[in-house]
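Dumped work-v3.pdb below, it's PDB, C-alpha atoms and all ligand atoms:
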```
ATOM      1  CA  MET K   1     -12.109 -52.386  16.243
ATOM      2  CA  ASN K   2      -9.441 -54.481  14.581
ATOM      3  CA  THR K   3      -7.196 -56.896  16.366
ATOM      4  CA  LEU K   4      -4.180 -54.642  16.457
ATOM      5  CA  CYS K   5      -6.132 -51.803  18.029
ATOM      6  CA  LYS K   6      -7.705 -54.084  20.565
ATOM      7  CA  LEU K   7      -4.327 -55.407  21.469
ATOM      8  CA  ALA K   8      -2.880 -51.904  21.725
ATOM      9  CA  SER K   9      -5.753 -50.752  23.951
ATOM     10  CA  PHE K  10      -5.144 -53.450  26.457
ATOM     11  CA  ALA K  11      -1.378 -53.500  26.552
ATOM     12  CA  PRO K  12       0.027 -50.505  24.735
ATOM     13  CA  LEU K  13       3.299 -49.545  26.326
ATOM     14  CA  ALA K  14       4.605 -52.927  27.286
ATOM     15  CA  LEU K  15       4.275 -54.140  23.730
ATOM     16  CA  GLY K  16       5.727 -51.035  22.147
ATOM     17  CA  LEU K  17       2.613 -50.441  20.081
ATOM     18  CA  SER K  18       1.820 -46.916  21.217
ATOM     19  CA  LEU K  19       2.526 -45.451  17.791
ATOM     20  CA  SER K  20      -0.287 -47.422  16.265
ATOM     21  CA  LEU K  21      -2.825 -45.975  18.721
ATOM     22  CA  ALA K  22      -3.308 -42.788  16.728
ATOM     23  CA  GLY K  23      -5.214 -44.708  14.117
ATOM     24  CA  CYS K  24      -7.368 -46.657  16.534
ATOM     25  CA  GLY K  25     -10.645 -46.151  18.253
ATOM     26  CA  ASP K  26     -12.377 -42.890  19.157
ATOM     27  CA  ASP K  27     -10.586 -41.909  22.338
ATOM     28  CA  LYS K  28      -7.962 -39.929  20.479
ATOM     29  CA  GLY K  29     -10.491 -37.762  18.628
ATOM     30  CA  PRO K  30     -11.415 -35.246  21.296
ATOM     31  CA  SER K  31      -7.872 -34.637  22.426
ATOM     32  CA  GLN K  32      -6.695 -34.062  18.858
ATOM     33  CA  GLY K  33      -9.541 -31.572  18.371
ATOM     34  CA  HIS K  34      -8.679 -29.760  21.551
ATOM     35  CA  ASP K  35      -5.076 -29.362  20.524
ATOM     36  CA  HIS K  36      -6.194 -27.901  17.244
ATOM     37  CA  ASP K  37      -8.380 -25.324  18.990
ATOM     38  CA  GLN K  38      -5.450 -24.258  21.091
ATOM     39  CA  ASP K  39      -3.343 -23.724  17.974
ATOM     40  CA  HIS K  40      -6.151 -21.818  16.356
ATOM     41  CA  ASP K  41      -6.454 -19.390  19.246
ATOM     42  CA  HIS K  42      -2.988 -18.063  18.663
ATOM     43  CA  VAL K  43      -3.688 -17.042  15.085
ATOM     44  CA  GLY K  44      -5.439 -13.902  16.271
ATOM     45  CA  ASP K  45      -3.020 -13.133  19.026
ATOM     46  CA  THR K  46      -1.478  -9.947  17.663
ATOM     47  CA  ASP K  47       0.090  -8.720  20.875
ATOM     48  CA  GLY K  48       2.692 -11.446  21.035
ATOM     49  CA  GLY K  49       0.958 -13.467  23.695
ATOM     50  CA  THR K  50       1.192 -10.988  26.534
ATOM     51  CA  GLY K  51      -1.609 -12.581  28.428
ATOM     52  CA  ASP K  52      -5.092 -11.470  27.341
ATOM     53  CA  ALA K  53      -5.719 -14.486  25.180
ATOM     54  CA  GLY K  54      -9.404 -14.314  26.073
ATOM     55  CA  ASP K  55     -10.289 -11.612  23.590
ATOM     56  CA  ASP K  56      -7.431 -11.868  21.136
ATOM     57  CA  ALA K  57      -8.228 -15.539  20.809
ATOM     58  CA  SER K  58     -11.546 -14.836  19.172
ATOM     59  CA  TYR K  59     -10.732 -11.752  17.131
ATOM     60  CA  PRO K  60      -7.626  -9.970  15.969
ATOM     61  CA  GLY K  61      -6.918  -6.944  18.122
ATOM     62  CA  THR K  62      -8.723  -3.850  16.923
ATOM     63  CA  PRO K  63      -7.387  -0.457  17.916
ATOM     64  CA  CYS K  64      -9.669   2.441  18.813
ATOM     65  CA  ASP K  65      -9.844   5.473  16.548
ATOM     66  CA  PRO K  66      -7.137   7.754  17.950
ATOM     67  CA  SER K  67      -9.201  10.801  16.980
ATOM     68  CA  LEU K  68     -12.051   9.729  19.275
ATOM     69  CA  PRO K  69     -12.269  12.186  22.201
ATOM     70  CA  PRO K  70     -11.783  10.367  25.514
ATOM     71  CA  LEU K  71     -14.958   9.579  27.408
ATOM     72  CA  MET K  72     -15.358  11.749  30.490
ATOM     73  CA  ALA K  73     -17.972  13.072  32.878
ATOM     74  CA  GLY K  74     -19.823  15.675  30.840
ATOM     75  CA  THR K  75     -19.476  13.910  27.478
ATOM     76  CA  GLU K  76     -22.667  14.704  25.561
ATOM     77  CA  GLN K  77     -24.441  12.964  22.724
ATOM     78  CA  LEU K  78     -27.434  14.227  20.769
ATOM     79  CA  GLY K  79     -29.780  11.635  19.359
ATOM     80  CA  ASN K  80     -28.726  10.915  15.807
ATOM     81  CA  ALA K  81     -32.094   9.574  14.702
ATOM     82  CA  ALA K  82     -34.122  12.710  15.367
ATOM     83  CA  GLY K  83     -31.972  15.169  17.315
ATOM     84  CA  LYS K  84     -34.666  15.346  19.979
ATOM     85  CA  ILE K  85     -33.043  13.752  23.007
ATOM     86  CA  LYS K  86     -29.649  14.526  24.485
ATOM     87  CA  GLY K  87     -27.659  12.346  26.860
ATOM     88  CA  LYS K  88     -24.873  13.575  29.102
ATOM     89  CA  LEU K  89     -22.598  11.215  30.987
ATOM     90  CA  VAL K  90     -22.574  12.050  34.690
ATOM     91  CA  SER K  91     -20.252   9.244  35.730
ATOM     92  CA  SER K  92     -18.796   5.966  34.569
ATOM     93  CA  ASP K  93     -17.293   3.298  36.784
ATOM     94  CA  PRO K  94     -14.709   2.418  35.635
ATOM     95  CA  LEU K  95     -13.401   5.315  33.584
ATOM     96  CA  PRO K  96     -11.596   4.848  31.222
ATOM     97  CA  LEU K  97     -13.662   1.823  30.261
ATOM     98  CA  LEU K  98     -12.146  -1.608  30.767
ATOM     99  CA  LYS K  99     -13.092  -5.035  29.546
ATOM    100  CA  GLY K 100     -15.989  -6.220  31.697
ATOM    101  CA  ASN K 101     -18.888  -4.197  33.054
ATOM    102  CA  ALA K 102     -19.264  -0.442  33.522
ATOM    103  CA  ASN K 103     -21.902   1.349  35.570
ATOM    104  CA  TRP K 104     -23.080   4.610  34.061
ATOM    105  CA  VAL K 105     -25.159   7.511  35.293
ATOM    106  CA  VAL K 106     -26.633   9.617  32.483
ATOM    107  CA  ASP K 107     -28.742  12.781  32.368
ATOM    108  CA  PHE K 108     -31.321  12.835  29.578
ATOM    109  CA  THR K 109     -32.775  16.104  28.364
ATOM    110  CA  THR K 110     -34.441  17.653  25.358
ATOM    111  CA  LYS K 111     -31.986  19.061  22.827
ATOM    112  CA  ASP K 112     -32.431  22.356  24.683
ATOM    113  CA  GLY K 113     -31.479  20.894  28.036
ATOM    114  CA  VAL K 114     -34.867  20.358  29.720
ATOM    115  CA  PRO K 115     -34.660  17.207  31.879
ATOM    116  CA  LEU K 116     -36.812  14.309  30.641
ATOM    117  CA  THR K 117     -38.794  12.501  33.283
ATOM    118  CA  ASP K 118     -41.052  10.496  30.961
ATOM    119  CA  LEU K 119     -38.376   8.432  29.218
ATOM    120  CA  GLU K 120     -39.156   4.981  27.950
ATOM    121  CA  PHE K 121     -36.154   2.787  27.288
ATOM    122  CA  ILE K 122     -36.917   0.778  24.168
ATOM    123  CA  ASP K 123     -33.490  -0.829  24.237
ATOM    124  CA  VAL K 124     -30.160  -0.146  25.936
ATOM    125  CA  TYR K 125     -27.099  -2.166  24.999
ATOM    126  CA  THR K 126     -23.460  -2.283  23.981
ATOM    127  CA  TYR K 127     -22.372  -3.062  20.441
ATOM    128  CA  MET K 128     -19.023  -3.541  18.737
ATOM    129  CA  PRO K 129     -19.463  -2.356  15.137
ATOM    130  CA  VAL K 130     -16.107  -3.545  13.758
ATOM    131  CA  HIS K 131     -16.951  -7.104  14.725
ATOM    132  CA  GLY K 132     -20.727  -6.929  14.511
ATOM    133  CA  HIS K 133     -21.449  -8.299  17.985
ATOM    134  CA  HIS K 134     -23.171  -7.165  21.152
ATOM    135  CA  GLY K 135     -22.079  -7.385  24.753
ATOM    136  CA  THR K 136     -23.262 -10.422  26.651
ATOM    137  CA  PHE K 137     -25.551  -8.561  29.043
ATOM    138  CA  LYS K 138     -27.803  -5.512  28.910
ATOM    139  CA  PRO K 139     -27.992  -3.078  31.808
ATOM    140  CA  THR K 140     -31.151  -2.254  33.698
ATOM    141  CA  PRO K 141     -32.125   1.448  33.673
ATOM    142  CA  LYS K 142     -32.981   2.856  37.084
ATOM    143  CA  GLN K 143     -34.460   6.326  37.513
ATOM    144  CA  LEU K 144     -32.677   8.399  40.136
ATOM    145  CA  THR K 145     -34.019  11.303  42.175
ATOM    146  CA  GLU K 146     -32.514  14.030  40.025
ATOM    147  CA  PRO K 147     -34.967  14.750  37.142
ATOM    148  CA  GLY K 148     -33.895  13.020  33.945
ATOM    149  CA  ARG K 149     -31.080  11.120  35.640
ATOM    150  CA  TYR K 150     -30.773   7.363  35.182
ATOM    151  CA  GLU K 151     -28.362   4.739  36.390
ATOM    152  CA  PHE K 152     -27.369   1.721  34.281
ATOM    153  CA  ASP K 153     -25.878  -1.208  36.141
ATOM    154  CA  GLY K 154     -23.561  -2.989  33.811
ATOM    155  CA  PHE K 155     -22.782  -1.998  30.268
ATOM    156  CA  ASN K 156     -20.996  -5.125  29.149
ATOM    157  CA  PHE K 157     -17.821  -5.023  27.054
ATOM    158  CA  THR K 158     -16.524  -8.477  26.228
ATOM    159  CA  MET K 159     -13.267  -7.326  24.653
ATOM    160  CA  ARG K 160     -11.107  -4.270  24.289
ATOM    161  CA  GLY K 161     -11.387  -1.986  21.277
ATOM    162  CA  PRO K 162     -13.979   0.389  19.833
ATOM    163  CA  TRP K 163     -17.536  -0.063  21.141
ATOM    164  CA  GLN K 164     -20.813   1.797  21.118
ATOM    165  CA  VAL K 165     -23.170   2.369  24.029
ATOM    166  CA  ARG K 166     -26.623   2.641  22.478
ATOM    167  CA  PHE K 167     -29.859   4.028  23.873
ATOM    168  CA  GLU K 168     -33.111   3.597  21.975
ATOM    169  CA  LEU K 169     -35.429   6.044  23.664
ATOM    170  CA  SER K 170     -38.911   7.449  23.547
ATOM    171  CA  SER K 171     -40.205  10.579  25.256
ATOM    172  CA  GLU K 172     -43.435  12.411  24.565
ATOM    173  CA  ALA K 173     -41.985  15.491  26.204
ATOM    174  CA  ALA K 174     -39.079  15.434  23.744
ATOM    175  CA  GLY K 175     -41.401  14.874  20.789
ATOM    176  CA  GLY K 176     -41.004  11.175  20.094
ATOM    177  CA  ASP K 177     -38.357   8.513  19.618
ATOM    178  CA  ASP K 178     -34.619   8.974  19.311
ATOM    179  CA  TYR K 179     -31.463   6.918  19.239
ATOM    180  CA  LEU K 180     -28.293   7.893  21.095
ATOM    181  CA  ILE K 181     -24.948   6.326  20.286
ATOM    182  CA  PHE K 182     -21.901   6.980  22.433
ATOM    183  CA  ASP K 183     -18.697   5.886  20.684
ATOM    184  CA  VAL K 184     -16.302   4.651  23.334
ATOM    185  CA  CYS K 185     -12.962   2.916  23.635
ATOM    186  CA  VAL K 186     -12.555  -0.098  25.886
ATOM    187  CA  GLU K 187      -8.974  -0.328  27.047
ATOM    188  CA  GLU K 188      -6.758  -3.066  28.383
ATOM    189  CA  GLU K 189      -7.931  -5.205  31.275
TER     190      GLU K 189
HETATM  191 CU    CU Q 201     -15.339  -7.618  19.160
END
```
Any chance you could put this one into structure tokens?
Amino acid sequence: MNTLCKLASFAPLALGLSLSLAGCGDDKGPSQGHDHDQDHDHVGDTDGGTGDAGDDASYPGTPCDPSLPPLMAGTEQLGNAAGKIKGKLVSSDPLPLLKGNANWVVDFTTKDGVPLTDLEFIDVYTYMPVHGHHGTFKPTPKQLTEPGRYEFDGFNFTMRGPWQVRFELSSEAAGGDDYLIFDVCVEEE
């Protein structure tokens, strides 16, 4: 530390040397960096700063495909890997989906509608294809009394926009493995 900086550190304001502080020492580093991060956050804020800086800060806002049918109780999806296993949404809380967690109840059947009671969940998770990231948490499947019915406590959506709810499944009764993808839209908080 040079003499001027040392002097400024000990008696900055009284001596009128505050301007020289920017070039001295390390204490100014972190606060400069923090300010820069704040500025950076606003680059992606496409909604004019209306308050949800949490997601817009990290990524530019991404609208859902307006042609996507709204998710509702009864929405069905056939496995697109093998066409062997079908999932039907019984309920979603909340619905429509919001940023955060959603609890789902889903009925799984063969493609012909026979309830599957021997399901193995290889993986169950949320994924945002346009940004290439997953949700933070994965839900835990829980078998309910109704044959083929499972509850999932917490599909995690970390931002609004288009997401996928993905089930990687295996069932001997259905004839093997399959992969269900529900395309969904996560709306405003
Ligand atoms: Cu994203």
As a PDB file with C-alpha atoms, in the frame of the given file, please: the residues near Phe157 in chain K (cut-off 6 Å, only C-alpha atoms, same-chain neighbours under 6 positions excluded).
```pdb
ATOM      1  CA  LYS K  99     -13.092  -5.035  29.546  1.00  0.00           C
ATOM      2  CA  GLY K 100     -15.989  -6.220  31.697  1.00  0.00           C
ATOM      3  CA  GLY K 135     -22.079  -7.385  24.753  1.00  0.00           C
TER       4      GLY K 135
END
```
Quiz item: Residues within 6 Å of ligand CU 201 (chain Q) (only C-alpha atoms and all ligand atoms), as a list in words?
Solution: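 After applying the 6 Å limit, what remains is Met128, His131 and Met159 of chain K.
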Answer key for the PyMOL selection byres (((chain K and resi 112) around 9) and not hetatm), residues as a PDB file with C-alpha atoms, keeping the file's coordinate frame:
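Written output follows (out.pdb):
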```
ATOM      1  CA  LYS K  84     -34.666  15.346  19.979  1.00  0.00           C
ATOM      2  CA  ILE K  85     -33.043  13.752  23.007  1.00  0.00           C
ATOM      3  CA  LYS K  86     -29.649  14.526  24.485  1.00  0.00           C
ATOM      4  CA  THR K 109     -32.775  16.104  28.364  1.00  0.00           C
ATOM      5  CA  THR K 110     -34.441  17.653  25.358  1.00  0.00           C
ATOM      6  CA  LYS K 111     -31.986  19.061  22.827  1.00  0.00           C
ATOM      7  CA  GLY K 113     -31.479  20.894  28.036  1.00  0.00           C
ATOM      8  CA  VAL K 114     -34.867  20.358  29.720  1.00  0.00           C
TER       9      VAL K 114
END
```
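Note that CA of Cys185 in chain K and CA of Pro129 in chain K are 11.9 Å apart.
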Quiz item: Neighbours of Thr140 in chain K within 10 Å (only C-alpha atoms; same-chain residues fewer than 4 positions away dropped), as a ChimeraX atom specification?
Solution: /K:121,123-125,150-155
Residues of the last selection are to be written out with C-alpha atoms, as a compact mmCIF listing (two decimals), in the frame of the given file.
```txt
# COMPACT_ATOMS: atom_id res chain seq x y z
CA PHE K 121 -36.15 2.79 27.29
CA ASP K 123 -33.49 -0.83 24.24
CA VAL K 124 -30.16 -0.15 25.94
CA TYR K 125 -27.10 -2.17 25.00
CA TYR K 150 -30.77 7.36 35.18
CA GLU K 151 -28.36 4.74 36.39
CA PHE K 152 -27.37 1.72 34.28
CA ASP K 153 -25.88 -1.21 36.14
CA GLY K 154 -23.56 -2.99 33.81
CA PHE K 155 -22.78 -2.00 30.27
```
Quiz prompt | Nearest to Gly87 in chain K, chosen from K:Asp107, K:Gly148, K:Thr62, K:Leu68, with all atoms listed in the file counted in the distances | solution = K:Asp107
Quiz item: Near Ala102 in chain K, counting only C-alpha atoms, which residues have an atom at most 7 Å away, once you skip same-chain residues fewer than 5 positions from it, shown as a list in words?
Solution: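 The residues satisfying every condition are Ser92, Asp93, Pro94, Leu97, Gly154, Phe155 and Asn156 of chain K.
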Quiz item: Looking at all atoms listed in the file, which of K:Leu95, K:Leu144, K:Ala81, K:Arg166 is the one that sits closest to Phe182 in chain K?
Solution: K:Arg166
